[in-house]
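Student: mmCIF, C-alpha atoms, file model_0.cif:
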```
data_target
#
loop_
_atom_site.label_atom_id
_atom_site.label_comp_id
_atom_site.auth_asym_id
_atom_site.auth_seq_id
_atom_site.Cartn_x
_atom_site.Cartn_y
_atom_site.Cartn_z
CA MET A 1 -24.76 -24.84 -25.69
CA ASP A 2 -22.85 -27.29 -23.51
CA ARG A 3 -20.77 -25.88 -20.63
CA ASN A 4 -17.60 -25.61 -22.64
CA GLU A 5 -19.34 -23.82 -25.53
CA MET A 6 -20.95 -21.55 -22.96
CA LYS A 7 -17.57 -20.59 -21.49
CA ASN A 8 -16.08 -19.93 -24.93
CA PHE A 9 -19.13 -17.83 -25.86
CA ILE A 10 -18.65 -15.70 -22.72
CA ALA A 11 -14.89 -15.38 -23.36
CA LYS A 12 -15.49 -14.29 -26.97
CA ARG A 13 -17.91 -11.57 -25.90
CA VAL A 14 -15.52 -10.26 -23.25
CA ALA A 15 -12.67 -10.21 -25.78
CA LYS A 16 -14.72 -7.83 -27.97
CA MET A 17 -14.79 -5.33 -25.09
CA LEU A 18 -11.02 -4.83 -25.33
CA ASN A 19 -9.37 -2.03 -27.29
CA ASP A 20 -6.00 -1.54 -28.95
CA GLY A 21 -3.42 -0.58 -26.31
CA ASP A 22 -5.40 -1.86 -23.32
CA VAL A 23 -3.57 -3.31 -20.31
CA VAL A 24 -5.66 -6.27 -19.18
CA ASN A 25 -5.46 -8.74 -16.31
CA LEU A 26 -7.29 -12.04 -16.76
CA GLY A 27 -8.19 -14.17 -13.75
CA ILE A 28 -7.75 -17.92 -13.48
CA GLY A 29 -10.29 -20.22 -15.16
CA LEU A 30 -12.90 -18.88 -17.58
CA PRO A 31 -11.33 -15.39 -17.83
CA THR A 32 -8.07 -16.95 -19.07
CA LYS A 33 -9.98 -18.17 -22.15
CA VAL A 34 -10.43 -14.53 -23.23
CA SER A 35 -6.80 -14.61 -24.40
CA ASN A 36 -7.82 -17.11 -27.14
CA TYR A 37 -10.11 -14.53 -28.78
CA LEU A 38 -8.25 -11.20 -28.59
CA PRO A 39 -9.23 -8.79 -31.37
CA GLU A 40 -7.01 -9.27 -34.42
CA GLY A 41 -4.41 -6.63 -35.11
CA ALA A 42 -4.85 -4.98 -31.72
CA ASN A 43 -2.03 -4.75 -29.19
CA ILE A 44 -3.51 -5.99 -25.94
CA PHE A 45 -1.01 -6.02 -23.06
CA LEU A 46 -1.84 -8.91 -20.75
CA GLN A 47 -0.56 -8.34 -17.24
CA SER A 48 0.33 -11.23 -14.96
CA GLU A 49 0.27 -10.08 -11.34
CA ASN A 50 3.21 -12.29 -10.36
CA GLY A 51 5.37 -9.87 -12.29
CA PHE A 52 5.17 -9.21 -15.99
CA ILE A 53 3.39 -7.65 -18.93
CA GLY A 54 3.26 -9.50 -22.23
CA LEU A 55 1.81 -12.81 -21.09
CA GLY A 56 2.11 -15.29 -23.97
CA PRO A 57 0.68 -18.74 -24.62
CA VAL A 58 1.59 -21.95 -22.83
CA PRO A 59 4.81 -23.32 -24.37
CA GLN A 60 5.02 -26.60 -26.25
CA GLU A 61 5.84 -29.66 -24.21
CA GLY A 62 9.55 -29.79 -23.49
CA GLN A 63 9.92 -26.01 -23.89
CA GLU A 64 8.71 -25.11 -20.38
CA ASP A 65 10.83 -22.75 -18.28
CA PHE A 66 9.82 -22.89 -14.60
CA ARG A 67 11.11 -19.34 -14.15
CA ILE A 68 8.32 -18.01 -16.38
CA THR A 69 4.93 -18.87 -14.90
CA ASN A 70 1.53 -17.20 -14.73
CA ALA A 71 -0.42 -16.27 -11.59
CA GLY A 72 -1.74 -19.83 -11.46
CA GLY A 73 1.78 -21.25 -11.34
CA GLN A 74 1.52 -22.66 -14.87
CA CYS A 75 4.49 -22.34 -17.27
CA VAL A 76 3.81 -19.69 -19.89
CA THR A 77 5.81 -17.53 -22.30
CA ILE A 78 6.51 -13.82 -22.61
CA LEU A 79 5.79 -12.04 -25.90
CA PRO A 80 8.21 -9.72 -27.73
CA GLY A 81 8.00 -6.32 -26.03
CA GLY A 82 7.12 -7.91 -22.71
CA VAL A 83 8.76 -6.89 -19.44
CA PHE A 84 9.35 -8.50 -16.04
CA PHE A 85 9.13 -6.70 -12.69
CA ASP A 86 8.76 -7.31 -8.95
CA SER A 87 5.50 -7.68 -6.98
CA SER A 88 5.51 -4.11 -5.67
CA THR A 89 5.74 -2.68 -9.20
CA SER A 90 3.13 -5.19 -10.32
CA PHE A 91 0.65 -4.03 -7.71
CA GLY A 92 1.59 -0.42 -8.27
CA ILE A 93 0.40 -1.00 -11.83
CA ILE A 94 -2.77 -2.64 -10.52
CA ARG A 95 -3.68 -0.28 -7.65
CA GLY A 96 -2.42 2.77 -9.48
CA GLY A 97 -5.11 2.56 -12.16
CA HIS A 98 -2.79 1.47 -14.97
CA VAL A 99 -4.83 -1.65 -15.75
CA ASP A 100 -7.68 -0.82 -18.15
CA MET A 101 -9.70 -3.92 -17.43
CA THR A 102 -9.60 -6.85 -15.07
CA VAL A 103 -11.70 -9.90 -15.89
CA LEU A 104 -12.58 -12.20 -13.00
CA GLY A 105 -15.00 -14.94 -12.06
CA ALA A 106 -17.46 -14.57 -9.19
CA LEU A 107 -19.22 -16.61 -6.57
CA GLN A 108 -21.71 -13.77 -6.15
CA VAL A 109 -22.16 -10.28 -7.52
CA ASP A 110 -24.89 -7.82 -6.58
CA GLU A 111 -26.77 -4.78 -7.87
CA LYS A 112 -24.52 -2.40 -5.93
CA GLY A 113 -21.48 -3.72 -7.78
CA ASN A 114 -20.26 -5.70 -4.79
CA LEU A 115 -18.26 -8.81 -5.57
CA ALA A 116 -17.65 -11.98 -3.56
CA ASN A 117 -15.17 -14.40 -5.07
CA TRP A 118 -12.55 -15.31 -2.50
CA MET A 119 -14.05 -17.45 0.25
CA ILE A 120 -16.94 -19.54 1.51
CA PRO A 121 -16.72 -19.47 5.33
CA GLY A 122 -16.20 -22.93 6.77
CA LYS A 123 -15.81 -24.50 3.34
CA MET A 124 -13.25 -22.87 1.13
CA VAL A 125 -10.73 -20.26 2.32
CA PRO A 126 -8.11 -20.04 -0.43
CA GLY A 127 -7.19 -16.41 0.26
CA MET A 128 -7.76 -13.36 -1.87
CA GLY A 129 -4.43 -13.43 -3.71
CA GLY A 130 -4.38 -10.35 -5.95
CA ALA A 131 -8.15 -10.16 -6.48
CA MET A 132 -8.88 -7.40 -3.94
CA ASP A 133 -6.20 -5.13 -5.40
CA LEU A 134 -7.28 -5.86 -8.98
CA VAL A 135 -10.95 -5.14 -8.34
CA THR A 136 -10.13 -1.98 -6.37
CA GLY A 137 -7.53 -0.60 -8.77
CA ALA A 138 -8.50 -1.54 -12.33
CA LYS A 139 -10.32 1.10 -14.37
CA LYS A 140 -13.03 -1.37 -15.40
CA VAL A 141 -14.00 -4.58 -13.63
CA THR A 142 -15.72 -7.23 -15.75
CA ILE A 143 -17.16 -10.38 -14.24
CA ALA A 144 -17.12 -13.32 -16.68
CA MET A 145 -19.09 -16.27 -15.36
CA GLU A 146 -21.91 -18.71 -15.95
CA HIS A 147 -25.18 -16.99 -15.07
CA THR A 148 -26.06 -19.45 -12.29
CA ALA A 149 -24.18 -22.11 -10.33
CA LYS A 150 -26.09 -25.28 -11.27
CA GLY A 151 -29.32 -23.31 -11.06
CA SER A 152 -28.47 -21.44 -7.88
CA LYS A 153 -28.52 -17.67 -8.45
CA LYS A 154 -25.28 -15.67 -8.42
CA ILE A 155 -26.47 -12.20 -9.49
CA LEU A 156 -28.12 -11.02 -6.29
CA LYS A 157 -29.73 -8.04 -4.60
CA GLU A 158 -27.04 -8.30 -1.96
CA CYS A 159 -24.02 -10.61 -1.66
CA THR A 160 -24.15 -12.93 1.36
CA LEU A 161 -20.53 -14.15 1.16
CA PRO A 162 -17.56 -12.06 2.39
CA LEU A 163 -16.79 -9.36 -0.16
CA THR A 164 -13.73 -9.04 -2.35
CA ALA A 165 -14.52 -5.36 -2.83
CA ALA A 166 -17.50 -3.06 -2.42
CA GLY A 167 -19.10 -1.27 -5.36
CA GLN A 168 -16.38 -1.91 -7.93
CA VAL A 169 -18.01 -4.13 -10.59
CA ASP A 170 -18.77 -2.47 -13.94
CA TYR A 171 -19.86 -5.30 -16.26
CA ILE A 172 -21.20 -8.83 -15.95
CA VAL A 173 -20.97 -11.12 -18.97
CA THR A 174 -22.71 -14.51 -18.87
CA GLU A 175 -24.07 -16.98 -21.43
CA MET A 176 -27.41 -15.16 -21.13
CA GLY A 177 -26.37 -11.59 -21.66
CA LEU A 178 -24.17 -8.59 -21.04
CA MET A 179 -25.07 -6.40 -18.08
CA GLU A 180 -23.78 -3.09 -16.81
CA VAL A 181 -23.87 -2.17 -13.12
CA THR A 182 -25.15 1.39 -12.74
CA LYS A 183 -26.24 3.55 -9.80
CA GLU A 184 -29.83 2.64 -10.62
CA GLY A 185 -29.10 -1.09 -10.69
CA ILE A 186 -28.10 -3.79 -13.18
CA VAL A 187 -28.97 -2.93 -16.77
CA LEU A 188 -29.38 -5.77 -19.28
CA LYS A 189 -27.80 -4.30 -22.40
CA GLU A 190 -27.40 -7.37 -24.58
CA ILE A 191 -29.24 -10.68 -24.58
CA ASN A 192 -28.31 -14.03 -26.07
CA PRO A 193 -31.18 -14.72 -28.52
CA GLU A 194 -31.39 -18.29 -27.18
CA TYR A 195 -33.07 -16.82 -24.09
CA THR A 196 -36.02 -14.51 -23.40
CA VAL A 197 -35.83 -11.49 -21.10
CA GLU A 198 -38.15 -13.38 -18.73
CA GLN A 199 -35.75 -16.32 -18.59
CA VAL A 200 -32.80 -14.05 -17.83
CA GLN A 201 -34.77 -12.32 -15.06
CA GLU A 202 -35.84 -15.69 -13.66
CA ALA A 203 -32.17 -16.71 -13.36
CA THR A 204 -31.31 -13.42 -11.62
CA GLU A 205 -32.26 -12.38 -8.08
CA ALA A 206 -31.58 -8.67 -8.65
CA LYS A 207 -34.31 -6.82 -10.56
CA LEU A 208 -32.93 -6.20 -14.03
CA ILE A 209 -33.40 -2.88 -15.78
CA ILE A 210 -33.94 -3.65 -19.47
CA ALA A 211 -32.05 -1.24 -21.72
CA ASP A 212 -34.29 0.72 -24.12
CA ASP A 213 -31.98 -0.32 -26.92
CA LEU A 214 -31.54 -3.95 -25.79
CA LYS A 215 -29.30 -5.61 -28.37
CA GLU A 216 -28.66 -9.15 -29.44
CA MET A 217 -25.43 -10.50 -27.95
CA GLN A 218 -22.96 -11.02 -30.80
CA VAL A 219 -19.69 -12.91 -30.50
CA MET B 1 34.73 -9.90 2.46
CA ASN B 2 33.37 -13.35 1.73
CA LYS B 3 29.62 -13.70 1.58
CA ILE B 4 29.63 -17.21 0.17
CA ILE B 5 28.72 -19.79 2.79
CA ALA B 6 27.76 -23.47 2.78
CA ILE B 7 24.07 -24.27 2.71
CA ASP B 8 24.15 -25.91 6.18
CA GLU B 9 25.75 -22.84 7.67
CA ALA B 10 23.11 -20.69 6.00
CA ILE B 11 20.25 -22.69 7.46
CA ASP B 12 21.87 -22.58 10.93
CA LYS B 13 21.15 -18.82 10.93
CA ILE B 14 17.48 -19.69 11.39
CA GLN B 15 16.50 -20.57 14.97
CA ASP B 16 13.28 -22.00 16.36
CA GLY B 17 10.63 -19.30 16.76
CA MET B 18 12.12 -16.83 14.28
CA THR B 19 10.23 -14.86 11.65
CA ILE B 20 11.36 -15.65 8.11
CA MET B 21 10.47 -14.26 4.71
CA VAL B 22 10.76 -16.54 1.70
CA GLY B 23 10.60 -15.25 -1.88
CA GLY B 24 8.65 -16.93 -4.65
CA PHE B 25 5.20 -17.15 -6.18
CA LEU B 26 3.70 -20.65 -6.17
CA GLY B 27 7.27 -21.89 -6.11
CA CYS B 28 8.48 -19.76 -9.06
CA GLY B 29 11.49 -17.83 -7.79
CA ASN B 30 11.55 -19.83 -4.56
CA PRO B 31 14.98 -20.66 -3.08
CA HIS B 32 14.26 -24.38 -3.37
CA ARG B 33 17.59 -25.68 -2.07
CA LEU B 34 17.48 -23.52 1.05
CA VAL B 35 13.89 -24.52 1.73
CA ASN B 36 14.68 -28.22 1.24
CA LYS B 37 17.55 -27.89 3.70
CA LEU B 38 15.32 -26.10 6.22
CA VAL B 39 12.81 -28.95 5.90
CA GLU B 40 15.61 -31.44 6.47
CA LYS B 41 16.80 -29.60 9.58
CA GLY B 42 13.28 -29.27 10.97
CA THR B 43 13.62 -25.82 12.59
CA LYS B 44 10.19 -25.16 14.09
CA ASP B 45 7.68 -22.64 15.48
CA LEU B 46 8.55 -20.31 12.62
CA THR B 47 6.51 -17.36 11.44
CA LEU B 48 6.56 -17.51 7.65
CA ILE B 49 5.92 -14.49 5.44
CA CYS B 50 5.48 -15.60 1.84
CA ASN B 51 3.14 -14.74 -1.03
CA ASP B 52 1.44 -18.14 -0.81
CA SER B 53 1.86 -21.59 0.73
CA SER B 54 2.68 -23.14 -2.66
CA PHE B 55 1.90 -26.83 -3.20
CA PRO B 56 2.35 -29.62 -0.60
CA ASP B 57 5.42 -31.04 -2.37
CA TYR B 58 6.88 -27.85 -3.88
CA GLY B 59 8.64 -24.86 -2.32
CA VAL B 60 7.47 -23.51 1.06
CA GLY B 61 4.52 -25.92 0.97
CA LYS B 62 6.90 -28.55 2.34
CA LEU B 63 7.51 -26.45 5.48
CA ILE B 64 3.76 -26.46 6.13
CA VAL B 65 3.43 -30.21 5.57
CA ASN B 66 6.41 -30.77 7.92
CA LYS B 67 4.60 -28.68 10.61
CA GLN B 68 7.43 -26.17 11.03
CA ILE B 69 5.21 -23.12 10.74
CA LYS B 70 3.40 -21.63 13.75
CA LYS B 71 2.06 -18.61 11.92
CA LEU B 72 1.71 -17.92 8.21
CA ILE B 73 1.24 -14.49 6.64
CA ALA B 74 0.30 -14.93 2.96
CA SER B 75 -2.12 -13.82 0.25
CA HIS B 76 -3.14 -17.23 -1.07
CA VAL B 77 -3.20 -20.72 0.44
CA GLY B 78 -5.67 -22.49 -1.86
CA THR B 79 -3.10 -24.63 -3.69
CA ASN B 80 -1.95 -26.37 -0.50
CA PRO B 81 -4.76 -28.33 1.19
CA GLU B 82 -2.53 -28.98 4.22
CA THR B 83 -2.52 -25.24 4.99
CA GLY B 84 -6.32 -25.21 5.08
CA ARG B 85 -6.38 -28.31 7.27
CA GLN B 86 -3.90 -26.90 9.83
CA MET B 87 -5.74 -23.57 9.78
CA ASN B 88 -9.14 -25.21 10.39
CA GLU B 89 -7.77 -27.52 13.10
CA GLY B 90 -6.21 -24.52 14.86
CA GLU B 91 -2.69 -25.96 14.50
CA MET B 92 -1.37 -22.94 12.60
CA GLU B 93 -2.38 -19.29 12.65
CA VAL B 94 -2.96 -17.93 9.15
CA VAL B 95 -3.20 -14.23 8.33
CA LEU B 96 -4.51 -13.65 4.81
CA VAL B 97 -3.44 -10.38 3.25
CA PRO B 98 -4.24 -8.93 -0.20
CA GLN B 99 -1.21 -9.55 -2.40
CA GLY B 100 -0.55 -5.92 -3.23
CA THR B 101 -0.76 -5.03 0.44
CA LEU B 102 1.65 -7.82 1.39
CA ALA B 103 4.17 -6.67 -1.23
CA GLU B 104 3.92 -3.09 -0.03
CA GLN B 105 4.19 -4.11 3.66
CA VAL B 106 7.50 -5.78 2.88
CA ARG B 107 8.63 -2.82 0.79
CA ALA B 108 7.68 -0.44 3.61
CA GLY B 109 9.54 -2.62 6.12
CA GLY B 110 12.68 -2.45 4.05
CA SER B 111 12.53 1.22 3.17
CA GLY B 112 11.94 2.85 6.52
CA LEU B 113 8.27 3.69 6.14
CA GLY B 114 5.96 3.61 9.15
CA GLY B 115 3.13 2.27 7.02
CA PHE B 116 1.06 3.22 4.00
CA LEU B 117 -2.52 3.91 2.96
CA THR B 118 -4.27 1.59 0.51
CA PRO B 119 -7.85 1.49 -0.77
CA THR B 120 -7.61 -2.30 -1.10
CA GLY B 121 -9.77 -4.10 1.45
CA VAL B 122 -12.08 -1.20 2.30
CA GLY B 123 -15.59 -2.58 2.83
CA THR B 124 -14.29 -6.15 3.36
CA VAL B 125 -13.15 -8.24 6.34
CA VAL B 126 -9.61 -7.00 5.64
CA GLU B 127 -10.48 -3.65 7.26
CA GLU B 128 -11.31 -5.25 10.63
CA GLY B 129 -9.12 -3.84 13.40
CA LYS B 130 -7.38 -1.37 11.11
CA GLN B 131 -7.36 2.40 11.18
CA LYS B 132 -9.36 3.96 8.35
CA ILE B 133 -8.21 7.31 7.05
CA GLU B 134 -10.12 9.51 4.63
CA ILE B 135 -8.14 11.66 2.21
CA GLU B 136 -9.92 13.93 -0.26
CA GLY B 137 -13.10 11.91 0.10
CA VAL B 138 -11.53 8.48 -0.45
CA GLU B 139 -11.24 5.90 2.32
CA TYR B 140 -7.96 4.10 2.87
CA LEU B 141 -6.70 1.47 5.30
CA LEU B 142 -3.53 2.11 7.25
CA GLU B 143 -1.31 -0.93 6.70
CA LEU B 144 1.85 -1.45 8.73
CA PRO B 145 5.30 -2.59 7.60
CA LEU B 146 6.62 -6.15 7.86
CA LYS B 147 10.14 -7.20 8.77
CA ALA B 148 11.83 -10.51 9.43
CA ASP B 149 14.81 -12.01 11.22
CA VAL B 150 15.93 -13.88 8.11
CA ALA B 151 14.95 -13.63 4.44
CA LEU B 152 15.60 -16.50 2.05
CA ILE B 153 15.63 -15.28 -1.52
CA ALA B 154 16.46 -16.70 -4.95
CA GLY B 155 18.33 -15.03 -7.81
CA GLN B 156 19.87 -16.07 -11.09
CA THR B 157 23.41 -14.68 -11.02
CA ALA B 158 25.28 -12.85 -8.27
CA ASP B 159 28.77 -11.43 -8.00
CA LYS B 160 30.79 -11.93 -4.82
CA PHE B 161 29.55 -8.60 -3.39
CA GLY B 162 26.01 -10.06 -3.54
CA ASN B 163 24.74 -7.94 -6.44
CA ILE B 164 21.94 -9.98 -8.00
CA GLU B 165 20.37 -10.38 -11.43
CA TYR B 166 17.10 -12.25 -11.82
CA PHE B 167 15.56 -14.23 -14.65
CA GLY B 168 11.97 -14.27 -15.85
CA ALA B 169 9.13 -13.97 -13.40
CA THR B 170 11.30 -14.91 -10.41
CA ARG B 171 11.75 -11.40 -9.01
CA ASN B 172 8.31 -11.24 -7.42
CA PHE B 173 8.86 -10.91 -3.63
CA ASN B 174 12.62 -11.66 -3.73
CA GLN B 175 13.57 -8.12 -4.64
CA LEU B 176 11.43 -6.74 -1.79
CA MET B 177 12.37 -9.27 0.88
CA ALA B 178 16.06 -8.64 0.23
CA THR B 179 15.52 -5.25 1.89
CA ALA B 180 13.38 -6.22 4.88
CA ALA B 181 15.28 -8.72 7.07
CA ASP B 182 18.19 -8.57 9.50
CA VAL B 183 19.91 -11.44 7.69
CA VAL B 184 19.38 -11.95 3.96
CA ILE B 185 20.48 -15.23 2.41
CA ALA B 186 20.40 -15.45 -1.38
CA GLU B 187 20.52 -18.72 -3.26
CA VAL B 188 21.73 -18.11 -6.79
CA GLU B 189 22.41 -20.36 -9.76
CA GLU B 190 25.79 -18.85 -10.48
CA ILE B 191 28.34 -16.68 -8.64
CA VAL B 192 30.75 -14.60 -10.70
CA GLU B 193 33.67 -12.30 -9.90
CA VAL B 194 33.10 -8.66 -8.94
CA GLY B 195 33.05 -6.60 -12.13
CA GLU B 196 31.57 -9.32 -14.28
CA LEU B 197 27.97 -8.13 -13.87
CA ASP B 198 26.74 -5.15 -15.86
CA PRO B 199 25.70 -2.56 -13.22
CA ASN B 200 22.81 -1.65 -15.54
CA GLN B 201 21.35 -5.13 -15.17
CA VAL B 202 21.71 -5.59 -11.41
CA VAL B 203 18.31 -5.52 -9.69
CA THR B 204 19.22 -6.19 -6.04
CA PRO B 205 22.21 -4.16 -4.81
CA GLY B 206 24.67 -6.35 -2.93
CA ILE B 207 24.52 -4.17 0.18
CA PHE B 208 21.22 -5.86 1.04
CA VAL B 209 22.64 -9.39 0.87
CA THR B 210 24.31 -10.89 3.94
CA HIS B 211 25.17 -14.35 2.64
CA LEU B 212 25.30 -16.11 -0.72
CA VAL B 213 24.68 -19.79 -1.29
CA ASN B 214 25.93 -21.14 -4.58
CA GLY B 215 23.02 -23.23 -5.75
CA GLY B 216 24.69 -24.09 -9.02
CA ALA B 217 27.94 -25.29 -7.43
CA LYS B 218 29.15 -28.53 -8.90
#
```
Take the structure I supplied and represent it as C-alpha cells, if you would.

Tutor:
Amino acid sequence: MDRNEMKNFIAKRVAKMLNDGDVVNLGIGLPTKVSNYLPEGANIFLQSENGFIGLGPVPQEGQEDFRITNAGGQCVTILPGGVFFDSSTSFGIIRGGHVDMTVLGALQVDEKGNLANWMIPGKMVPGMGGAMDLVTGAKKVTIAMEHTAKGSKKILKECTLPLTAAGQVDYIVTEMGLMEVTKEGIVLKEINPEYTVEQVQEATEAKLIIADDLKEMQV
Amino acid sequence: MNKIIAIDEAIDKIQDGMTIMVGGFLGCGNPHRLVNKLVEKGTKDLTLICNDSSFPDYGVGKLIVNKQIKKLIASHVGTNPETGRQMNEGEMEVVLVPQGTLAEQVRAGGSGLGGFLTPTGVGTVVEEGKQKIEIEGVEYLLELPLKADVALIAGQTADKFGNIEYFGATRNFNQLMATAADVVIAEVEEIVEVGELDPNQVVTPGIFVTHLVNGGAK
C-alpha cells in the first residue's frame, strides 16, 4: 500500500465502527477521510465544533459560501436536517457526552490511553483547539493514524510529549491493525493480513496483548 | 435611540492597552470591516481574546502581523506562523486555552458566573496553577470568567434596536462575546427597521449591543 492507500484503508475501517444515529466528530487530516466511507443507509450526524451538526461535502467550485466552513476553515455544506449553533452549545455537546465518537490523529498514544497530539515543545505549538474537550467528553475516542512516523514509533509505553488528555483513548486504528486500550494494556484485536503479529509488535513500543480471537482486518 | 455609528467612530472606542474580544472562527463570522479599520488605525498594546489567530492576511491575523497585540488568549494559533514567531521571540504573550473552556469563560463572563468546573485539561499542562476540585470522584479544573472592554462581533441582519440574526456557521463566539464586554460593536450586513425581524429568529437580543455598524451600506 502506498501512503494514500494506507490512509484510505484506515479511514474505511474506522467508518465501519460507526452506527446508525451516531453523533461523530472527525478531526482534520486523515480522520476527515472517514466521511467518504460512511456506512450506507445509516444516519451519521457529523458534528463540526465551530458550530453545527450535519456537516456535508465540500461544495463545487463557485458554490462556496464563506459563512459555512468546517473546523479547518474550509468551505463546506450543511446537509438537510442540519443545525447551526454557537461555540458554547457546540462544546456543551462535546463535553456533555453527546458525541458518540471522536476520531483524531496522534503524535503519540500510550498503553494507559494517554494521547499527545497538540504540541512539540520548541518546534510546533499550534494550540489544542477543541481537541482536549473532544477527547475528554466524547463517549469513545478513536485514534486514526499511520502506525509509525517514518519508522519512529508512536504507540508507546508512555507518551513523552505534553498530553492532550490522560487515559481517554479507546481505540487505535492503523494500517497494521485495530487495537483497543484496556486496563490491562493495548489489545490487538484485528490485524491487516499483509503483516505478521511480530511485525506489528516490532513497530510498537508498548507490549501488545494479542486477542484470543484475533481477526483479520476487513475494510 | 440610535445605535448606528460610522465605522471610524466605532473603532475610536478602542484605546491603546484595552482588552478586546473579536468573534469568528478562522475568519468565519469575523467582523472583517471593523478589524480592517482597526489595522488601519494601528491601536496598539491590545489584549485580544479570540478563538484563534486566523491566517496572516485574513481576519484578526492581520492585527498580529501589524504588531498591535500585546497578549493573545486563544485556543489555536497554528494557521498563523507570525503568532508562533512573536510568541517564540517573546514579543507577544500567548495564553492557549481549550476551545470549550474559552467559550465557557466568555459565557460565564457575560452571565454573572464566578467561574465553572470542567474536566477538560485535567492531567495536562492546562491544569498548571489552577484549583482542582473533586466532585463525586471526578476531578475538575476551576476556570474563571473572561470579560473585555470592547467586543467586536459580526452578524447577518440587525434591526435598529440591535437585535441580531446570524447566518451559517458564523455564530461561534459572536453570540457569547456580545454578552461579555462593556461596549459591544456589531458589524452586520443589513440593518432593518424595528419590527421587521421575526422575534423567533433573533439570536442576540439587542440589549447586549451598544453600537451597530452597517457593513452592507452602499

Student: Give the answer as one residue: which of A:Phe85, A:Thr164, A:Glu198, A:Leu26 has the shortest atom-to-atom distance to Gly127 in chain A, using all atoms listed in the file?

Tutor: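 Counting all atoms listed in the file, the residue closest to Gly127 in chain A is A:Thr164.
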
Student: Could you give me, as a list of chain:residue names, the residues within 9 Å of Phe25 in chain B, counting only C-alpha atoms and dropping anything in the same chain fewer than 4 positions from it?

Tutor: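 So the residues in contact are A:Asn50, A:Thr69, A:Ala71, A:Gly73, B:Gly29, B:Asn30, B:Cys50, B:Asn51, B:Asp52, B:Ser53, B:Ser54, B:Ala169, B:Thr170, B:Asn172, B:Phe173.
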
Student: Just C-alpha atoms for this one: save the residues we selected as a tab-separated table (two decimals), in the frame of the given file.

Tutor:
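File written: selection-v7.tsv
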```tsv
chain	number	residue	atom	x	y	z
A	50	ASN	CA	3.21	-12.29	-10.36
A	69	THR	CA	4.93	-18.87	-14.90
A	71	ALA	CA	-0.42	-16.27	-11.59
A	73	GLY	CA	1.78	-21.25	-11.34
B	29	GLY	CA	11.49	-17.83	-7.79
B	30	ASN	CA	11.55	-19.83	-4.56
B	50	CYS	CA	5.48	-15.60	1.84
B	51	ASN	CA	3.14	-14.74	-1.03
B	52	ASP	CA	1.44	-18.14	-0.81
B	53	SER	CA	1.86	-21.59	0.73
B	54	SER	CA	2.68	-23.14	-2.66
B	169	ALA	CA	9.13	-13.97	-13.40
B	170	THR	CA	11.30	-14.91	-10.41
B	172	ASN	CA	8.31	-11.24	-7.42
B	173	PHE	CA	8.86	-10.91	-3.63
```

Student: Step by step, work through what the PyMOL selection byres ((chain B) within 6 of (chain A)) selects in the shown file, and finish by giving those residues as a list in words.

Tutor: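 Going through the file, the PyMOL selection byres ((chain B) within 6 of (chain A)) ends up selecting Leu26, Cys28, Ser75, His76, Val77, Gly78, Leu96, Pro98, Gln99, Gly100, Ala103, Glu104, Thr120, Gly123, Thr124, Gly168, Ala169, Thr170, Arg171, Asn172 and Phe173 of chain B.
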
Student: Output the residue selection produced by the PyMOL selection byres ((chain B and resi 144-148) around 7) on the file above, formatted as a PyMOL selection string.

Tutor: chain B and resi 19-21+105-106+108-109+114-116+142-143+149-151+180-182

Student: Give as an MDAnalysis selection string the residues that the PyMOL selection byres ((chain A and resi 207) around 9) matches when applied to the coordinates above.

Tutor: chainID A and resid 111 156:157 185:186 201 204:206 208:209

Student: Can you work out the spacing between CA of Ile164 in chain B and CA of Val202 in chain B in Å, to one decimal?

Tutor: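 CA of Val202 in chain B lies at a distance of 5.6 Å from CA of Ile164 in chain B.
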
Student: Which value, in Å to one decimal, gives the distance between CA of Lys44 in chain B and CA of Asp12 in chain B?

Tutor: 12.4 Å

Student: Could you state the separation of CA of Glu190 in chain A and CA of Lys154 in chain A in Å, given to one decimal place?

Tutor: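 It comes out at 18.3 Å.
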
Student: Show me, as a list in words, the residues that have an atom within 10 Å of Lys33 in chain A when counting only C-alpha atoms, minus same-chain residues fewer than 5 positions from it.

Tutor: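 Residues near the query, excluding close chain neighbours: Lys7, Asn8, Phe9, Ile10, Ala11, Lys12, Val14, Ala15, Leu26, Gly27, Ile28 and Leu38 of chain A.
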
Student: Nearest residue to Gly113 in chain A out of A:Glu146, A:Glu64, A:Glu184, A:Asp100, using all atoms listed in the file?

Tutor: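 Selected residue with least distance to Gly113 in chain A: A:Glu184.
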
Student: Using the atoms already present, construct N, CA and C atoms for range 119-127 of chain A and hand them back as a short mmCIF file (atom, residue, chain, number, x, y, z; two decimals), in the frame of the given file.

Tutor:
```
data_model
loop_
_atom_site.label_atom_id
_atom_site.label_comp_id
_atom_site.auth_asym_id
_atom_site.auth_seq_id
_atom_site.Cartn_x
_atom_site.Cartn_y
_atom_site.Cartn_z
N MET A 119 -13.92 -16.43 -0.80
CA MET A 119 -14.05 -17.45 0.25
C MET A 119 -15.48 -17.83 0.51
N ILE A 120 -15.66 -19.07 0.98
CA ILE A 120 -16.94 -19.54 1.51
C ILE A 120 -16.65 -19.97 2.94
N PRO A 121 -17.09 -19.16 3.94
CA PRO A 121 -16.72 -19.47 5.33
C PRO A 121 -17.02 -20.93 5.69
N GLY A 122 -16.04 -21.56 6.32
CA GLY A 122 -16.20 -22.93 6.77
C GLY A 122 -15.99 -23.97 5.70
N LYS A 123 -15.93 -23.53 4.44
CA LYS A 123 -15.81 -24.50 3.34
C LYS A 123 -14.53 -24.32 2.55
N MET A 124 -14.36 -23.11 2.04
CA MET A 124 -13.25 -22.87 1.13
C MET A 124 -12.64 -21.51 1.47
N VAL A 125 -11.40 -21.53 1.97
CA VAL A 125 -10.73 -20.26 2.32
C VAL A 125 -9.37 -20.21 1.62
N PRO A 126 -9.39 -20.01 0.30
CA PRO A 126 -8.11 -20.04 -0.43
C PRO A 126 -7.27 -18.77 -0.25
N GLY A 127 -7.91 -17.70 0.21
CA GLY A 127 -7.19 -16.41 0.26
C GLY A 127 -7.55 -15.58 -0.95
#
```
